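Q: So that you have it, the file is upload_26.csv, and it contains CSV, C-alpha atoms and all ligand atoms:
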```csv
chain,number,residue,atom,x,y,z
A,1,MET,CA,29.2,-9.9,-58.9
A,2,SER,CA,31.6,-9.3,-56.0
A,3,LEU,CA,31.7,-11.9,-53.2
A,4,LEU,CA,30.6,-9.1,-50.8
A,5,LYS,CA,27.5,-8.2,-52.8
A,6,GLU,CA,26.7,-11.9,-53.4
A,7,THR,CA,27.0,-12.6,-49.6
A,8,LEU,CA,24.8,-9.6,-48.7
A,9,LEU,CA,22.1,-10.7,-51.2
A,10,LYS,CA,22.1,-14.2,-49.7
A,11,ILE,CA,21.3,-13.1,-46.2
A,12,GLU,CA,17.7,-13.8,-45.1
A,13,PRO,CA,15.9,-12.8,-41.9
A,14,VAL,CA,15.9,-15.5,-39.2
A,15,ASP,CA,12.8,-17.7,-39.1
A,16,LYS,CA,10.4,-16.0,-36.6
A,17,GLU,CA,7.9,-18.9,-36.9
A,18,LYS,CA,10.6,-21.4,-35.7
A,19,MET,CA,11.5,-19.0,-32.9
A,20,SER,CA,7.9,-18.9,-31.6
A,21,GLN,CA,7.7,-22.7,-31.8
A,22,ALA,CA,11.0,-22.8,-29.8
A,23,ARG,CA,9.6,-20.3,-27.3
A,24,GLU,CA,6.6,-22.6,-26.8
A,25,HIS,CA,8.9,-25.6,-26.2
A,26,VAL,CA,11.1,-23.7,-23.8
A,27,ASP,CA,8.0,-22.5,-21.8
A,28,GLY,CA,6.9,-26.2,-21.5
A,29,LEU,CA,10.2,-27.3,-19.9
A,30,LEU,CA,10.3,-28.2,-16.2
A,31,LYS,CA,11.0,-24.7,-14.8
A,32,PRO,CA,9.1,-21.6,-14.1
A,33,VAL,CA,8.6,-19.7,-17.4
A,34,GLY,CA,11.6,-17.4,-18.1
A,35,SER,CA,13.7,-18.8,-15.2
A,36,LEU,CA,16.6,-19.8,-17.4
A,37,GLY,CA,16.9,-16.3,-18.7
A,38,VAL,CA,19.6,-15.8,-21.3
A,39,LEU,CA,19.9,-19.6,-21.9
A,40,GLU,CA,16.3,-19.5,-23.1
A,41,ASN,CA,17.0,-16.5,-25.4
A,42,ILE,CA,20.1,-18.1,-26.9
A,43,ALA,CA,18.2,-21.4,-27.6
A,44,ILE,CA,15.3,-19.5,-29.2
A,45,GLN,CA,17.7,-17.3,-31.3
A,46,ILE,CA,19.5,-20.4,-32.6
A,47,ALA,CA,16.2,-22.1,-33.4
A,48,GLY,CA,15.5,-19.1,-35.6
A,49,ILE,CA,18.9,-19.3,-37.2
A,50,ASN,CA,19.1,-23.1,-37.8
A,51,PRO,CA,17.3,-25.7,-35.7
A,52,ASP,CA,19.7,-28.4,-36.8
A,53,ILE,CA,22.5,-26.5,-35.1
A,54,LEU,CA,20.5,-26.3,-31.9
A,55,GLY,CA,19.8,-30.0,-31.9
A,56,GLY,CA,23.3,-31.2,-32.9
A,57,GLU,CA,26.9,-31.2,-31.7
A,58,LEU,CA,28.6,-27.9,-31.9
A,59,LYS,CA,31.8,-27.7,-33.9
A,60,LYS,CA,33.4,-24.5,-32.8
A,61,ALA,CA,35.9,-22.2,-34.3
A,62,VAL,CA,37.4,-18.9,-33.2
A,63,LEU,CA,38.6,-16.9,-36.3
A,64,VAL,CA,41.3,-14.5,-35.3
A,65,PHE,CA,42.4,-11.8,-37.7
A,66,ALA,CA,45.7,-9.9,-37.1
A,67,ALA,CA,46.7,-6.5,-38.6
A,68,ASP,CA,48.7,-3.4,-37.8
A,69,HIS,CA,47.7,0.2,-37.6
A,70,GLY,CA,49.5,3.3,-39.1
A,71,ILE,CA,47.9,5.4,-36.3
A,72,CYS,CA,50.6,3.9,-33.9
A,73,GLU,CA,52.9,6.6,-35.3
A,74,GLU,CA,50.8,9.1,-33.2
A,75,ASP,CA,52.0,7.4,-30.0
A,76,ILE,CA,48.6,6.5,-28.7
A,77,THR,CA,49.3,2.9,-27.7
A,78,SER,CA,51.2,1.5,-24.7
A,79,ALA,CA,52.6,-1.5,-26.5
A,80,PRO,CA,54.9,-1.1,-29.5
A,81,GLN,CA,53.7,-2.2,-33.0
A,82,PRO,CA,56.0,-5.3,-33.3
A,83,VAL,CA,53.9,-6.9,-30.5
A,84,THR,CA,51.2,-7.6,-33.1
A,85,ALA,CA,53.5,-9.9,-35.0
A,86,LEU,CA,54.8,-11.6,-31.9
A,87,MET,CA,51.3,-12.2,-30.4
A,88,THR,CA,50.0,-13.4,-33.8
A,89,HIS,CA,52.6,-16.1,-33.6
A,90,PHE,CA,51.8,-17.0,-29.9
A,91,ILE,CA,48.0,-17.0,-30.7
A,92,ALA,CA,48.7,-19.5,-33.5
A,93,GLU,CA,50.7,-21.6,-31.1
A,94,GLY,CA,47.9,-21.8,-28.5
A,95,LYS,CA,49.9,-19.8,-26.0
A,96,SER,CA,47.7,-16.7,-25.7
A,97,GLY,CA,44.6,-16.0,-23.6
A,98,VAL,CA,42.2,-17.1,-26.3
A,99,GLY,CA,44.2,-20.3,-26.9
A,100,VAL,CA,43.7,-21.6,-23.4
A,101,ILE,CA,40.1,-20.6,-23.1
A,102,ALA,CA,39.2,-22.0,-26.5
A,103,LYS,CA,40.9,-25.3,-25.6
A,104,LYS,CA,38.8,-25.6,-22.5
A,105,ALA,CA,35.7,-25.0,-24.6
A,106,GLY,CA,36.8,-27.6,-27.2
A,107,ALA,CA,37.1,-25.0,-29.9
A,108,GLU,CA,39.8,-24.6,-32.6
A,109,VAL,CA,41.5,-21.3,-33.1
A,110,PHE,CA,42.5,-20.2,-36.7
A,111,VAL,CA,44.7,-17.2,-37.1
A,112,THR,CA,44.8,-15.1,-40.3
A,113,ASP,CA,47.3,-12.3,-41.1
A,114,VAL,CA,45.3,-9.7,-43.0
A,115,GLY,CA,47.8,-6.8,-42.6
A,116,VAL,CA,50.6,-7.3,-40.0
A,117,ASN,CA,53.5,-5.0,-40.6
A,118,ALA,CA,56.0,-7.8,-40.7
A,119,GLU,CA,56.6,-11.0,-42.4
A,120,ILE,CA,55.1,-13.9,-40.4
A,121,THR,CA,56.9,-17.1,-40.9
A,122,ASN,CA,54.8,-19.4,-38.7
A,123,PRO,CA,53.0,-21.8,-41.1
A,124,LYS,CA,50.1,-22.0,-38.6
A,125,VAL,CA,49.3,-18.4,-39.5
A,126,ARG,CA,47.2,-18.2,-42.6
A,127,ASN,CA,48.7,-15.5,-45.0
A,128,LYS,CA,46.0,-13.2,-46.5
A,129,LYS,CA,48.0,-10.0,-46.1
A,130,ILE,CA,46.3,-7.1,-47.9
A,131,ARG,CA,49.0,-4.6,-47.0
A,132,LEU,CA,51.6,-3.9,-44.3
A,133,GLY,CA,49.2,-2.2,-41.9
A,134,THR,CA,46.8,0.6,-42.5
A,135,GLY,CA,47.8,4.2,-43.3
A,136,ASN,CA,48.0,6.6,-40.4
A,137,MET,CA,44.4,8.0,-40.4
A,138,ALA,CA,45.6,11.2,-38.8
A,139,LYS,CA,47.2,12.0,-42.1
A,140,GLN,CA,45.7,9.7,-44.8
A,141,GLU,CA,42.8,7.3,-45.2
A,142,ALA,CA,43.4,4.0,-43.4
A,143,MET,CA,43.0,2.1,-46.7
A,144,THR,CA,41.4,2.3,-50.1
A,145,ARG,CA,37.8,1.4,-50.6
A,146,LEU,CA,39.0,-1.6,-52.6
A,147,GLU,CA,41.2,-2.8,-49.7
A,148,ALA,CA,38.2,-2.4,-47.4
A,149,GLU,CA,36.1,-4.6,-49.6
A,150,LYS,CA,39.0,-7.1,-49.8
A,151,SER,CA,39.2,-7.2,-46.0
A,152,PHE,CA,35.4,-8.1,-45.8
A,153,GLU,CA,35.9,-10.7,-48.5
A,154,ILE,CA,38.8,-12.4,-46.7
A,155,GLY,CA,36.6,-12.7,-43.6
A,156,ILE,CA,33.8,-14.1,-45.8
A,157,GLU,CA,36.1,-16.6,-47.5
A,158,THR,CA,37.6,-17.7,-44.2
A,159,ALA,CA,34.2,-18.3,-42.7
A,160,LEU,CA,32.8,-20.1,-45.7
A,161,GLU,CA,35.8,-22.4,-45.7
A,162,MET,CA,35.2,-23.2,-42.0
A,163,ILE,CA,31.5,-23.8,-42.5
A,164,LYS,CA,32.3,-26.1,-45.5
A,165,ASN,CA,34.6,-28.0,-43.1
A,166,GLY,CA,31.7,-28.6,-40.7
A,167,TYR,CA,32.2,-25.7,-38.2
A,168,ASN,CA,28.7,-24.7,-37.2
A,169,ILE,CA,29.3,-21.9,-34.7
A,170,LEU,CA,32.0,-19.2,-35.2
A,171,ALA,CA,33.5,-16.6,-32.9
A,172,THR,CA,35.4,-13.5,-34.0
A,173,GLY,CA,38.7,-12.4,-32.6
A,174,GLU,CA,41.5,-10.1,-33.4
A,175,MET,CA,45.1,-9.0,-32.7
A,176,GLY,CA,46.3,-5.5,-33.6
A,177,ILE,CA,48.3,-3.0,-31.5
A,178,GLY,CA,46.4,0.3,-32.0
A,179,ASN,CA,43.1,-1.3,-33.0
A,180,THR,CA,41.0,0.3,-30.2
A,181,THR,CA,41.6,3.6,-32.0
A,182,PRO,CA,39.8,2.7,-35.3
A,183,SER,CA,37.2,0.9,-33.2
A,184,SER,CA,36.5,4.1,-31.2
A,185,ALA,CA,36.5,6.1,-34.5
A,186,ILE,CA,34.0,3.7,-36.0
A,187,PHE,CA,31.6,4.0,-33.0
A,188,SER,CA,32.0,7.8,-33.0
A,189,VAL,CA,31.1,8.0,-36.6
A,190,LEU,CA,28.2,5.5,-36.7
A,191,GLY,CA,26.7,6.7,-33.4
A,192,SER,CA,27.5,10.4,-33.7
A,193,LEU,CA,29.2,10.0,-30.4
A,194,SER,CA,32.0,12.3,-29.2
A,195,PRO,CA,35.4,10.5,-29.4
A,196,GLU,CA,35.8,11.1,-25.6
A,197,GLU,CA,32.7,9.0,-24.9
A,198,VAL,CA,34.0,6.0,-26.8
A,199,THR,CA,37.7,6.1,-26.2
A,200,GLY,CA,39.5,4.2,-23.5
A,201,ILE,CA,42.9,2.9,-22.5
A,202,GLY,CA,43.0,-0.1,-24.8
A,203,ALA,CA,46.0,-2.2,-23.8
A,204,ASN,CA,46.8,0.1,-20.8
A,205,LEU,CA,47.5,3.5,-22.3
A,206,SER,CA,48.4,6.2,-19.7
A,207,GLU,CA,45.8,8.8,-18.8
A,208,GLU,CA,47.8,11.6,-20.3
A,209,LYS,CA,48.0,9.9,-23.7
A,210,LEU,CA,44.3,9.1,-23.5
A,211,VAL,CA,43.5,12.7,-24.1
A,212,LYS,CA,45.7,12.8,-27.1
A,213,LYS,CA,44.1,9.5,-28.4
A,214,SER,CA,40.6,11.2,-28.4
A,215,SER,CA,41.9,14.3,-30.1
A,216,VAL,CA,43.7,12.2,-32.8
A,217,ILE,CA,40.3,10.4,-33.5
A,218,ARG,CA,38.5,13.7,-33.6
A,219,GLU,CA,40.9,15.1,-36.1
A,220,ALA,CA,41.0,12.0,-38.3
A,221,ILE,CA,37.2,12.1,-38.5
A,222,ALA,CA,37.2,15.8,-39.4
A,223,LEU,CA,39.9,15.2,-42.0
A,224,HIS,CA,38.1,12.3,-43.8
A,225,ASN,CA,34.4,12.9,-43.0
A,226,PRO,CA,33.3,9.3,-43.3
A,227,ASP,CA,29.7,8.7,-44.4
A,228,PRO,CA,28.0,6.9,-41.5
A,229,LYS,CA,25.4,5.4,-43.9
A,230,ASP,CA,28.3,3.7,-45.9
A,231,PRO,CA,30.1,1.2,-43.7
A,232,LEU,CA,32.7,0.6,-46.4
A,233,ASP,CA,33.6,4.3,-46.5
A,234,VAL,CA,33.9,4.3,-42.6
A,235,LEU,CA,36.1,1.2,-42.7
A,236,ALA,CA,38.3,2.6,-45.5
A,237,LYS,CA,38.8,6.0,-43.9
A,238,VAL,CA,39.1,5.3,-40.2
A,239,GLY,CA,39.0,1.5,-39.8
A,240,GLY,CA,41.3,-1.5,-39.7
A,241,LEU,CA,41.9,-4.6,-41.9
A,242,GLU,CA,41.1,-7.1,-39.2
A,243,ILE,CA,37.9,-5.2,-38.4
A,244,GLY,CA,36.8,-5.6,-41.9
A,245,ALA,CA,37.6,-9.3,-41.9
A,246,MET,CA,35.7,-9.9,-38.7
A,247,ALA,CA,32.7,-8.1,-40.2
A,248,GLY,CA,33.0,-10.4,-43.2
A,249,VAL,CA,32.8,-13.4,-40.9
A,250,MET,CA,29.6,-12.1,-39.5
A,251,LEU,CA,28.1,-11.5,-43.0
A,252,ALA,CA,29.1,-15.0,-44.1
A,253,GLY,CA,27.7,-16.6,-40.9
A,254,ALA,CA,24.4,-14.9,-41.6
A,255,SER,CA,24.4,-15.9,-45.3
A,256,MET,CA,24.9,-19.5,-44.3
A,257,LYS,CA,22.6,-19.5,-41.3
A,258,VAL,CA,25.4,-20.1,-38.8
A,259,PRO,CA,25.6,-18.2,-35.5
A,260,VAL,CA,28.6,-15.9,-34.8
A,261,LEU,CA,29.7,-15.1,-31.3
A,262,ILE,CA,31.0,-11.5,-30.9
A,263,ASP,CA,33.9,-10.8,-28.6
A,264,GLY,CA,34.9,-7.4,-27.2
A,265,PHE,CA,35.3,-3.8,-28.2
A,266,ILE,CA,37.0,-4.3,-31.6
A,267,SER,CA,34.7,-7.2,-32.6
A,268,SER,CA,31.7,-5.1,-31.7
A,269,ALA,CA,32.9,-2.3,-33.9
A,270,ALA,CA,33.1,-4.9,-36.7
A,271,ALA,CA,29.5,-6.0,-35.8
A,272,ALA,CA,28.3,-2.4,-36.1
A,273,LEU,CA,29.7,-2.2,-39.6
A,274,ALA,CA,28.2,-5.6,-40.6
A,275,VAL,CA,24.8,-4.7,-39.2
A,276,GLY,CA,25.1,-1.4,-41.0
A,277,LEU,CA,25.5,-3.2,-44.3
A,278,ASN,CA,22.5,-5.5,-43.7
A,279,PRO,CA,20.4,-5.1,-40.5
A,280,ASP,CA,19.2,-8.8,-40.8
A,281,VAL,CA,22.8,-9.8,-39.7
A,282,TYR,CA,22.0,-8.7,-36.2
A,283,ASP,CA,19.8,-11.8,-35.4
A,284,TYR,CA,22.7,-14.1,-36.3
A,285,LEU,CA,25.1,-12.5,-33.8
A,286,ILE,CA,25.4,-13.5,-30.2
A,287,CYS,CA,27.1,-10.9,-28.1
A,288,SER,CA,29.2,-12.6,-25.4
A,289,HIS,CA,30.7,-10.2,-22.9
A,290,ASN,CA,30.9,-6.5,-22.1
A,291,SER,CA,34.5,-5.5,-22.5
A,292,ALA,CA,35.9,-3.3,-19.7
A,293,GLU,CA,37.2,-0.9,-22.4
A,294,LYS,CA,35.6,2.5,-22.0
A,295,GLY,CA,33.2,2.9,-24.9
A,296,ALA,CA,32.2,-0.7,-25.0
A,297,LYS,CA,28.9,-0.1,-23.2
A,298,LYS,CA,28.0,2.8,-25.5
A,299,GLY,CA,29.1,0.8,-28.6
A,300,LEU,CA,27.0,-2.2,-27.6
A,301,GLU,CA,24.0,0.0,-26.9
A,302,LEU,CA,24.3,1.5,-30.3
A,303,ILE,CA,24.1,-2.0,-31.9
A,304,GLY,CA,21.3,-3.1,-29.5
A,305,PHE,CA,23.5,-5.9,-28.0
A,306,LYS,CA,23.0,-7.1,-24.4
A,307,PRO,CA,26.1,-9.0,-23.3
A,308,PHE,CA,25.6,-11.8,-20.8
A,309,LEU,CA,29.1,-12.2,-19.5
A,310,HIS,CA,30.4,-9.5,-17.2
A,311,MET,CA,34.0,-10.6,-16.6
A,312,ASP,CA,36.0,-7.3,-16.6
A,313,MET,CA,37.9,-8.8,-19.6
A,314,ARG,CA,39.5,-6.5,-22.2
A,315,LEU,CA,42.0,-8.8,-23.9
A,316,GLY,CA,40.4,-9.3,-27.3
A,317,GLU,CA,41.8,-12.2,-29.4
A,318,GLY,CA,38.2,-13.7,-29.2
A,319,SER,CA,38.8,-14.6,-25.6
A,320,GLY,CA,35.4,-13.5,-24.3
A,321,ALA,CA,33.6,-15.1,-27.2
A,322,ALA,CA,35.4,-18.4,-26.7
A,323,LEU,CA,34.3,-18.4,-23.1
A,324,ALA,CA,30.7,-18.1,-24.2
A,325,PHE,CA,30.7,-21.4,-26.2
A,326,ASN,CA,30.0,-23.2,-22.9
A,327,ILE,CA,27.0,-21.0,-22.3
A,328,VAL,CA,25.7,-21.8,-25.8
A,329,GLU,CA,26.1,-25.5,-25.0
A,330,ALA,CA,24.2,-25.1,-21.8
A,331,ALA,CA,21.4,-23.5,-23.8
A,332,GLN,CA,21.4,-26.5,-26.1
A,333,GLY,CA,21.3,-28.9,-23.1
A,334,MET,CA,18.3,-27.1,-21.7
A,335,TYR,CA,16.5,-27.2,-25.0
A,336,ASN,CA,17.3,-30.8,-25.9
A,337,ASP,CA,17.5,-32.7,-22.7
A,338,MET,CA,15.3,-31.1,-20.0
A,339,GLY,CA,12.1,-32.8,-19.1
A,340,THR,CA,8.7,-31.2,-19.9
A,341,PHE,CA,5.7,-30.4,-17.8
A,342,SER,CA,3.6,-32.7,-19.9
A,343,GLN,CA,6.0,-35.6,-19.4
A,344,ALA,CA,5.9,-34.9,-15.6
A,345,GLY,CA,2.1,-34.6,-15.5
A,346,ILE,CA,2.4,-31.2,-13.9
A,347,ASP,CA,0.0,-28.5,-15.0
A,348,ILE,CA,1.2,-25.1,-13.7
A,349,VAL,CA,2.3,-23.4,-16.9
B,401,LIG,O1,38.5,-6.9,-27.0
B,401,LIG,C1,38.6,-5.8,-26.3
B,401,LIG,O2,37.6,-5.4,-25.7
B,401,LIG,C2,39.9,-5.1,-26.1
B,401,LIG,C3,40.0,-4.0,-25.4
B,401,LIG,C4,41.3,-3.4,-25.3
B,401,LIG,C5,42.4,-3.9,-25.9
B,401,LIG,N1,42.2,-5.1,-26.7
B,401,LIG,C6,43.4,-5.6,-27.4
B,401,LIG,O3,44.5,-4.8,-27.2
B,401,LIG,C7,45.0,-4.4,-28.5
B,401,LIG,C8,44.6,-3.0,-28.8
B,401,LIG,O4,44.9,-2.1,-27.8
B,401,LIG,P1,45.6,-0.7,-28.2
B,401,LIG,O5,45.7,0.0,-26.9
B,401,LIG,O6,46.9,-1.1,-28.7
B,401,LIG,O7,44.7,0.0,-29.1
B,401,LIG,C9,44.5,-5.3,-29.5
B,401,LIG,O8,45.4,-6.3,-29.8
B,401,LIG,C10,43.2,-5.9,-28.9
B,401,LIG,O9,43.1,-7.3,-29.1
B,401,LIG,C11,41.0,-5.7,-26.8
B,402,LIG,C1,50.7,-8.8,-24.6
B,402,LIG,C2,49.5,-8.4,-25.4
B,402,LIG,C3,48.5,-9.4,-25.8
B,402,LIG,C4,47.4,-9.1,-26.5
B,402,LIG,N1,46.4,-9.8,-27.0
B,402,LIG,C5,45.5,-8.9,-27.6
B,402,LIG,N2,46.0,-7.7,-27.5
B,402,LIG,C6,47.2,-7.7,-26.8
B,402,LIG,C7,48.1,-6.7,-26.5
B,402,LIG,C8,49.2,-7.1,-25.7
B,402,LIG,C9,50.2,-6.0,-25.4
```
Show the structure stored in the file as structure tokens.
A:
Amino acid sequence: MSLLKETLLKIEPVDKEKMSQAREHVDGLLKPVGSLGVLENIAIQIAGINPDILGGELKKAVLVFAADHGICEEDITSAPQPVTALMTHFIAEGKSGVGVIAKKAGAEVFVTDVGVNAEITNPKVRNKKIRLGTGNMAKQEAMTRLEAEKSFEIGIETALEMIKNGYNILATGEMGIGNTTPSSAIFSVLGSLSPEEVTGIGANLSEEKLVKKSSVIREAIALHNPDPKDPLDVLAKVGGLEIGAMAGVMLAGASMKVPVLIDGFISSAAAALAVGLNPDVYDYLICSHNSAEKGAKKGLELIGFKPFLHMDMRLGEGSGAALAFNIVEAAQGMYNDMGTFSQAGIDIV
């Protein structure tokens, strides 16, 4: 059996009984019921995923996947394609946005090349290259179905390795010039949304080129007709290699009862595919921030995510997810260390 199938079969729903016990505990803490809002929700969610993680020290990893996109040939990005390879190197060196944010949160960043269109010589970048970037989806399918499956499996393998090494909370991140285009295409297909509704400026595309970007997406979808009920078909026809790998991390996290923090627009497109493959994955994902990318709001609504950080960020790399580690730790602190009404002899619950 393939690793993807095996992983999907292993995923169980979160433990609703543990969640209602956790809700009871949270409601008994020294505060008006509900007054710690999202911190309460996160603690209860993690209790349903794995109470040991809620009660213990977090060992945090941001898993960044880098890849290139053939669609760059259509001139719908502001930055040139070689920036992917350059930034992949700088992310691995800790010199990018996610590097500094993760450091403050005490998280490690691991970078994997799943399809950068250049040789990466930095030994800190893990080499799992599937191909040298996707095909240009305006003319051909982005990748084969087999490559799509492989991208999921690299994400699964990477996450399983991290979990084996003791990491008990993961965050997804990516680097890939052009990857807002496949992300918009994925949301357009899965949500039957018009490309215009879910297409934005990415890494600062000009307004004139934005019109072209939407029409390229519309034409690619019309050319390949991806099946919205088949996430692998959507990924293969209009997706990206790093998007598949991030979805794989989410599946592996769910299969091992480990929470996965979701970053911005591209990470959430991966989440939409992962949840499409198995709806139980949803409860293992923690959506961190609402990216300022146009389309992020619609995309998150489609999945049913409610982000709790509103930072006007749209960097990607896992930067927003890394920022949210501190929020998860605050939720743990609330759950484990706050006094209770019964200890205090107060009876107003
Ligand atoms: O995470 C986000 O919400 C996000 C929104 C816009 C852009 N990005 C980053 O910018 C790159 C993609 O932008 P573009 O315009 O080249 O498609 C890619 O490397 C992403 O990490 C990321
Ligand atoms: C400089 C730069 C850094 C990035 N990080 C993620 N996407 C990016 C795009 C650019 C252009």
Q: Would you pick out the contacts of segment 56-61 of chain A at 10 Å or less, using all atoms listed in the file, so that residues sharing its chain but fewer than 2 positions from it are not included, and give the list as a tab-separated table (two decimals) with C-alpha atoms, in the frame of the given file?
A:
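Saved result, around37.tsv, follows:
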```
chain	number	residue	atom	x	y	z
A	51	PRO	CA	17.30	-25.70	-35.70
A	52	ASP	CA	19.70	-28.40	-36.80
A	53	ILE	CA	22.50	-26.50	-35.10
A	54	LEU	CA	20.50	-26.30	-31.90
A	63	LEU	CA	38.60	-16.90	-36.30
A	64	VAL	CA	41.30	-14.50	-35.30
A	102	ALA	CA	39.20	-22.00	-26.50
A	105	ALA	CA	35.70	-25.00	-24.60
A	106	GLY	CA	36.80	-27.60	-27.20
A	107	ALA	CA	37.10	-25.00	-29.90
A	108	GLU	CA	39.80	-24.60	-32.60
A	109	VAL	CA	41.50	-21.30	-33.10
A	110	PHE	CA	42.50	-20.20	-36.70
A	159	ALA	CA	34.20	-18.30	-42.70
A	162	MET	CA	35.20	-23.20	-42.00
A	163	ILE	CA	31.50	-23.80	-42.50
A	165	ASN	CA	34.60	-28.00	-43.10
A	166	GLY	CA	31.70	-28.60	-40.70
A	167	TYR	CA	32.20	-25.70	-38.20
A	168	ASN	CA	28.70	-24.70	-37.20
A	169	ILE	CA	29.30	-21.90	-34.70
A	170	LEU	CA	32.00	-19.20	-35.20
A	171	ALA	CA	33.50	-16.60	-32.90
A	172	THR	CA	35.40	-13.50	-34.00
A	260	VAL	CA	28.60	-15.90	-34.80
A	261	LEU	CA	29.70	-15.10	-31.30
A	322	ALA	CA	35.40	-18.40	-26.70
A	325	PHE	CA	30.70	-21.40	-26.20
A	328	VAL	CA	25.70	-21.80	-25.80
A	329	GLU	CA	26.10	-25.50	-25.00
A	332	GLN	CA	21.40	-26.50	-26.10
A	336	ASN	CA	17.30	-30.80	-25.90
```
Q: Within 12 Å of Lys5 of chain A, counting only C-alpha atoms, which residues qualify if same-chain residues fewer than 2 places away don't, as an MDAnalysis selection string?
A: chainID A and resid 1:3 7:11 149:150 152:153 156 248 251:252 255 277:278
Q: I'd like the contact shell of Ser184 of chain A - 8 Å cut-off, all atoms listed in the file, skipping same-chain residues fewer than 2 positions apart - returned as a VMD selection string.
A: chain A and resid 180 to 182 186 to 188 195 198 to 199 217 269 295
Q: Which residues are near ligand LIG 402 (chain B) in this structure, taking near to mean any atom at most 7 Å from a ligand atom and counting all atoms listed in the file? Format them as number ranges by chain.
A: A: 79, 83, 87, 175-177, 203, 315-317
Q: At what distance in Å, to one decimal, does atom CA of Lys229 of chain A lie from atom CA of Glu196 of chain A?
A: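 Atom CA of Glu196 of chain A sits 21.8 Å away from atom CA of Lys229 of chain A.
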